[in-house]
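Inspection log for the structure reproduced underneath, given as C-alpha cells.
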Amino acid sequence: MGDLSTLETVIIAIVEGLTEFLPVSSTGHMIITQSILGVESTEFVKAFTVIIQFGAIFSVVCLYWKRFFRLNHISLPEGTPGWKRFLHKFDFYWKLLVAFIPAAVLGFLFSDKIDAMLENVMVVAVMLVLGGIFMLFCDKIFSKGSSDTVLTEKRAFNIGLFQCIAMIPGVSRSMATIVGGMAQKLTRRDAAEFSFFLAVPTMFAATGYKMLKLFLDGGTEILVNNMPALFIGNAVAFVVALVAIKFFISFVTKYGFKAFGWYRIIVGGIIIILLLSGHDLAV
C-alpha cells in the first residue's frame, strides 16, 4: 500500500469524512489521528490528507445535485434586458463565486504563511478551544434567522469574508462560514447548507492547488505508487461525508451548536496536553 497501510488509509479517510463539514476542525482531528496511529508525516501522507477531500466534495454535489445543477428560473420584471435574464439563470453560481473570491485571493497571496501556521500545532489546538468557547454562545449571539432571508451578493460576499478566518488552522472552515451565514440572518439550516455549497469551489481550488504544487515539485511518482490508497481514501471519505452531512443538518437544526463547542474544547485540550507532555505532533 506504500506509506499507509489499508487500515490506516481507511481510518484517516473516515476522520476526514466525519470532520470536514462539521464545525470541529478536520485539521485538529488529523493531528490526533496521525499521532494515535503513529503515522509518519511523509510527503505522500501530507498529500493524501488533502487529496481525499475530493471524495468529501463529491458527497456534497451528490447529496444536493438537484439544487447544485438547477438554473434559476425565477421570472424577472417586464423590460429586463436579455443579457440580465441570461445571467440571472446562473444566480446560484454567481453567489458562490462572490463568496469564494475573498478566500481565493487571500489564499493565493498568503499560501506559504498559512502553511507555516498549519505546522504550528499549538495554534491549531488553541483555536480549537477558543472556537469551542465561542460556539457555546453563538446560538444566543445570533438571533434566529428567517427562511425568507434572500441571499444577496452582499450577504454572500460577507460570508466569504468569514470564510477567510478559517485560514487560521483550527478555526474550521465549516464553523466560520456557518457563523457567517447566521450573521447574515440566515437560519442555521440555510447557513449550514450554503457552507456545504461554498465548500465545493473552495476545497476544489485548495486541493487542486496543492496537487499542482506537488506535481511541479516532482511528486508524480509518489502519487502513482500510492494510487490504491488514494482510491480507497476518496471512496471512504465520500460515503462517510454523506452520512455526516445528513446527521449534522438534522442535529444542528434541532439542538444548535453547543455540543460541538464542548467537543472542540475537549479535542483542543487533548492536543494541548499531548504537546505539553512532550509529544511531537507533526502535520
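Here's how to read the names in the C-alpha cells: chain A, B, ... by the order shown, residue numbers from 1 in each chain, ligand numbers from 1 in the order shown.
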Show me, as CSV, the residues of stretch 37-116 of chain A having an atom within 7 Å of stretch 196-212 of chain A, each with the closest atom pair and its distance in Å, using only C-alpha atoms.
```
residue,atom,partner,partner_atom,distance
A:Val50,CA,A:Thr207,CA,5.9
A:Ile51,CA,A:Thr207,CA,6.1
A:Phe54,CA,A:Phe204,CA,6.9
A:Ile57,CA,A:Val200,CA,5.5
A:Val60,CA,A:Phe196,CA,6.5
A:Leu96,CA,A:Leu198,CA,6.0
A:Phe100,CA,A:Thr202,CA,6.3
```
Same residues, C-alpha atoms, saved as a PDB file, in the first residue's frame:
```pdb
ATOM      1  CA  VAL A  50      -5.545  16.878   1.088  1.00  0.00           C
ATOM      2  CA  ILE A  51      -6.462  14.777  -1.951  1.00  0.00           C
ATOM      3  CA  PHE A  54     -12.177  15.326  -3.358  1.00  0.00           C
ATOM      4  CA  ILE A  57     -16.511  17.434  -2.100  1.00  0.00           C
ATOM      5  CA  VAL A  60     -21.983  17.496  -1.370  1.00  0.00           C
ATOM      6  CA  LEU A  96     -20.964  31.040  -4.848  1.00  0.00           C
ATOM      7  CA  PHE A 100     -15.429  32.254  -2.911  1.00  0.00           C
TER       8      PHE A 100
END
```
Taking the DSSP secondary structure from the backbone, can you list the residues of stretch 6-191 of chain A that are helix (DSSP H, G or I), as a PDB file with C-alpha atoms, in the first residue's frame?
```pdb
ATOM      1  CA  THR A   6      -5.015  -0.286   4.335  1.00  0.00           C
ATOM      2  CA  LEU A   7      -6.290   0.136   7.907  1.00  0.00           C
ATOM      3  CA  GLU A   8      -4.511   3.495   8.346  1.00  0.00           C
ATOM      4  CA  THR A   9      -5.903   4.647   4.993  1.00  0.00           C
ATOM      5  CA  VAL A  10      -9.475   3.778   5.983  1.00  0.00           C
ATOM      6  CA  ILE A  11      -9.224   5.315   9.471  1.00  0.00           C
ATOM      7  CA  ILE A  12      -7.787   8.627   8.217  1.00  0.00           C
ATOM      8  CA  ALA A  13     -10.428   8.775   5.452  1.00  0.00           C
ATOM      9  CA  ILE A  14     -13.217   8.132   7.987  1.00  0.00           C
ATOM     10  CA  VAL A  15     -11.914  11.001  10.139  1.00  0.00           C
ATOM     11  CA  GLU A  16     -11.767  13.282   7.086  1.00  0.00           C
ATOM     12  CA  GLY A  17     -15.306  12.402   6.006  1.00  0.00           C
ATOM     13  CA  LEU A  18     -16.687  12.872   9.520  1.00  0.00           C
ATOM     14  CA  THR A  19     -14.999  16.184  10.299  1.00  0.00           C
ATOM     15  CA  SER A  26     -10.653  18.431  10.351  1.00  0.00           C
ATOM     16  CA  THR A  27      -7.042  19.606  10.807  1.00  0.00           C
ATOM     17  CA  GLY A  28      -7.152  19.082  14.571  1.00  0.00           C
ATOM     18  CA  HIS A  29      -8.595  15.620  14.133  1.00  0.00           C
ATOM     19  CA  MET A  30      -5.965  14.690  11.545  1.00  0.00           C
ATOM     20  CA  ILE A  31      -3.264  15.658  14.055  1.00  0.00           C
ATOM     21  CA  ILE A  32      -4.707  13.432  16.778  1.00  0.00           C
ATOM     22  CA  THR A  33      -5.422  10.564  14.358  1.00  0.00           C
ATOM     23  CA  GLN A  34      -1.908  10.520  12.897  1.00  0.00           C
ATOM     24  CA  SER A  35      -0.440  10.708  16.394  1.00  0.00           C
ATOM     25  CA  ILE A  36      -2.529   7.781  17.683  1.00  0.00           C
ATOM     26  CA  LEU A  37      -1.742   5.677  14.606  1.00  0.00           C
ATOM     27  CA  GLU A  43       5.178  13.922   1.582  1.00  0.00           C
ATOM     28  CA  PHE A  44       2.605  11.372   0.469  1.00  0.00           C
ATOM     29  CA  VAL A  45       0.718  11.388   3.800  1.00  0.00           C
ATOM     30  CA  LYS A  46       0.501  15.198   3.621  1.00  0.00           C
ATOM     31  CA  ALA A  47      -0.768  14.940   0.033  1.00  0.00           C
ATOM     32  CA  PHE A  48      -3.173  12.116   0.952  1.00  0.00           C
ATOM     33  CA  THR A  49      -4.945  14.125   3.658  1.00  0.00           C
ATOM     34  CA  VAL A  50      -5.545  16.878   1.088  1.00  0.00           C
ATOM     35  CA  ILE A  51      -6.462  14.777  -1.951  1.00  0.00           C
ATOM     36  CA  GLN A  53     -11.041  15.992   0.215  1.00  0.00           C
ATOM     37  CA  PHE A  54     -12.177  15.326  -3.358  1.00  0.00           C
ATOM     38  CA  GLY A  55     -14.294  12.467  -2.008  1.00  0.00           C
ATOM     39  CA  ALA A  56     -15.851  14.784   0.569  1.00  0.00           C
ATOM     40  CA  ILE A  57     -16.511  17.434  -2.100  1.00  0.00           C
ATOM     41  CA  PHE A  58     -18.249  14.882  -4.315  1.00  0.00           C
ATOM     42  CA  SER A  59     -20.565  13.939  -1.442  1.00  0.00           C
ATOM     43  CA  VAL A  60     -21.983  17.496  -1.370  1.00  0.00           C
ATOM     44  CA  VAL A  61     -22.553  17.509  -5.133  1.00  0.00           C
ATOM     45  CA  CYS A  62     -24.310  14.129  -4.998  1.00  0.00           C
ATOM     46  CA  LEU A  63     -26.421  14.907  -1.942  1.00  0.00           C
ATOM     47  CA  TRP A  65     -27.300  17.575  -7.019  1.00  0.00           C
ATOM     48  CA  LYS A  66     -30.837  18.778  -7.848  1.00  0.00           C
ATOM     49  CA  ARG A  67     -30.096  22.174  -6.296  1.00  0.00           C
ATOM     50  CA  PHE A  68     -26.463  22.270  -7.341  1.00  0.00           C
ATOM     51  CA  GLY A  82     -31.960  39.802 -22.238  1.00  0.00           C
ATOM     52  CA  TRP A  83     -28.361  39.613 -21.001  1.00  0.00           C
ATOM     53  CA  LYS A  84     -29.546  40.175 -17.442  1.00  0.00           C
ATOM     54  CA  ARG A  85     -32.190  37.469 -17.807  1.00  0.00           C
ATOM     55  CA  PHE A  86     -29.485  35.081 -19.045  1.00  0.00           C
ATOM     56  CA  LEU A  87     -27.089  35.853 -16.175  1.00  0.00           C
ATOM     57  CA  HIS A  88     -29.941  35.579 -13.670  1.00  0.00           C
ATOM     58  CA  ASP A  91     -27.585  33.372  -9.935  1.00  0.00           C
ATOM     59  CA  PHE A  92     -26.712  30.462  -7.606  1.00  0.00           C
ATOM     60  CA  TYR A  93     -23.258  30.002  -9.157  1.00  0.00           C
ATOM     61  CA  TRP A  94     -22.691  33.763  -9.174  1.00  0.00           C
ATOM     62  CA  LYS A  95     -23.363  33.941  -5.427  1.00  0.00           C
ATOM     63  CA  LEU A  96     -20.964  31.040  -4.848  1.00  0.00           C
ATOM     64  CA  LEU A  97     -18.302  32.827  -6.882  1.00  0.00           C
ATOM     65  CA  VAL A  98     -18.803  36.063  -4.955  1.00  0.00           C
ATOM     66  CA  ALA A  99     -18.460  34.184  -1.649  1.00  0.00           C
ATOM     67  CA  PHE A 100     -15.429  32.254  -2.911  1.00  0.00           C
ATOM     68  CA  ILE A 101     -13.412  35.277  -4.097  1.00  0.00           C
ATOM     69  CA  PRO A 102     -12.113  36.569  -0.694  1.00  0.00           C
ATOM     70  CA  ALA A 103     -10.613  33.211   0.304  1.00  0.00           C
ATOM     71  CA  ALA A 104      -9.261  32.627  -3.201  1.00  0.00           C
ATOM     72  CA  VAL A 105      -7.404  35.946  -3.209  1.00  0.00           C
ATOM     73  CA  LEU A 106      -6.034  35.697   0.335  1.00  0.00           C
ATOM     74  CA  GLY A 107      -5.203  32.011  -0.071  1.00  0.00           C
ATOM     75  CA  PHE A 108      -3.167  32.727  -3.194  1.00  0.00           C
ATOM     76  CA  LEU A 109      -1.347  35.702  -1.651  1.00  0.00           C
ATOM     77  CA  SER A 111      -0.313  30.387   0.909  1.00  0.00           C
ATOM     78  CA  ASP A 112       3.165  29.981   2.412  1.00  0.00           C
ATOM     79  CA  LYS A 113       2.250  31.801   5.636  1.00  0.00           C
ATOM     80  CA  ILE A 114      -0.897  29.698   6.006  1.00  0.00           C
ATOM     81  CA  ASP A 115       1.159  26.510   5.582  1.00  0.00           C
ATOM     82  CA  ALA A 116       3.618  27.789   8.191  1.00  0.00           C
ATOM     83  CA  MET A 117       0.779  28.329  10.689  1.00  0.00           C
ATOM     84  CA  LEU A 118      -0.521  24.846   9.909  1.00  0.00           C
ATOM     85  CA  VAL A 121       0.163  22.531  16.211  1.00  0.00           C
ATOM     86  CA  MET A 122      -0.279  24.729  19.292  1.00  0.00           C
ATOM     87  CA  VAL A 123      -2.032  27.319  17.108  1.00  0.00           C
ATOM     88  CA  VAL A 124      -4.444  24.618  15.922  1.00  0.00           C
ATOM     89  CA  ALA A 125      -5.143  23.476  19.493  1.00  0.00           C
ATOM     90  CA  VAL A 126      -5.665  26.973  20.897  1.00  0.00           C
ATOM     91  CA  MET A 127      -8.017  27.925  18.065  1.00  0.00           C
ATOM     92  CA  LEU A 128      -9.987  24.723  18.621  1.00  0.00           C
ATOM     93  CA  VAL A 129     -10.533  25.687  22.242  1.00  0.00           C
ATOM     94  CA  LEU A 130     -11.306  29.361  21.529  1.00  0.00           C
ATOM     95  CA  GLY A 131     -13.662  28.404  18.713  1.00  0.00           C
ATOM     96  CA  GLY A 132     -15.361  25.919  21.013  1.00  0.00           C
ATOM     97  CA  ILE A 133     -15.923  28.564  23.678  1.00  0.00           C
ATOM     98  CA  PHE A 134     -17.438  30.838  21.027  1.00  0.00           C
ATOM     99  CA  MET A 135     -19.756  28.074  19.828  1.00  0.00           C
ATOM    100  CA  LEU A 136     -21.157  27.651  23.325  1.00  0.00           C
ATOM    101  CA  PHE A 137     -22.687  31.108  22.974  1.00  0.00           C
ATOM    102  CA  CYS A 138     -23.145  31.643  19.217  1.00  0.00           C
ATOM    103  CA  ASP A 139     -26.785  30.499  19.265  1.00  0.00           C
ATOM    104  CA  LYS A 140     -27.517  33.330  21.703  1.00  0.00           C
ATOM    105  CA  ILE A 141     -25.279  35.866  19.944  1.00  0.00           C
ATOM    106  CA  GLU A 153     -24.409  39.334  -3.399  1.00  0.00           C
ATOM    107  CA  LYS A 154     -23.510  41.434  -0.357  1.00  0.00           C
ATOM    108  CA  ARG A 155     -24.515  38.683   2.069  1.00  0.00           C
ATOM    109  CA  ALA A 156     -22.639  36.083   0.013  1.00  0.00           C
ATOM    110  CA  PHE A 157     -19.504  38.248  -0.007  1.00  0.00           C
ATOM    111  CA  ASN A 158     -19.737  38.773   3.756  1.00  0.00           C
ATOM    112  CA  ILE A 159     -19.960  35.010   4.283  1.00  0.00           C
ATOM    113  CA  GLY A 160     -16.872  34.733   2.085  1.00  0.00           C
ATOM    114  CA  LEU A 161     -15.066  37.171   4.395  1.00  0.00           C
ATOM    115  CA  PHE A 162     -15.950  34.974   7.366  1.00  0.00           C
ATOM    116  CA  GLN A 163     -14.530  32.005   5.485  1.00  0.00           C
ATOM    117  CA  CYS A 164     -11.150  33.763   5.412  1.00  0.00           C
ATOM    118  CA  ILE A 165     -10.971  33.434   9.209  1.00  0.00           C
ATOM    119  CA  ARG A 173     -13.987  26.378   7.541  1.00  0.00           C
ATOM    120  CA  SER A 174     -17.409  24.973   8.269  1.00  0.00           C
ATOM    121  CA  MET A 175     -17.728  26.851  11.556  1.00  0.00           C
ATOM    122  CA  ALA A 176     -16.580  30.147  10.046  1.00  0.00           C
ATOM    123  CA  THR A 177     -18.974  30.038   7.094  1.00  0.00           C
ATOM    124  CA  ILE A 178     -21.966  28.821   9.119  1.00  0.00           C
ATOM    125  CA  VAL A 179     -21.427  31.604  11.663  1.00  0.00           C
ATOM    126  CA  GLY A 180     -21.052  33.998   8.726  1.00  0.00           C
ATOM    127  CA  GLY A 181     -24.378  32.846   7.334  1.00  0.00           C
ATOM    128  CA  MET A 182     -26.109  33.239  10.689  1.00  0.00           C
ATOM    129  CA  ALA A 183     -24.617  36.733  10.982  1.00  0.00           C
ATOM    130  CA  ARG A 188     -28.987  27.550  10.988  1.00  0.00           C
ATOM    131  CA  ARG A 189     -30.092  25.083   8.314  1.00  0.00           C
ATOM    132  CA  ASP A 190     -29.719  27.547   5.415  1.00  0.00           C
ATOM    133  CA  ALA A 191     -26.341  28.741   6.730  1.00  0.00           C
TER     134      ALA A 191
END
```
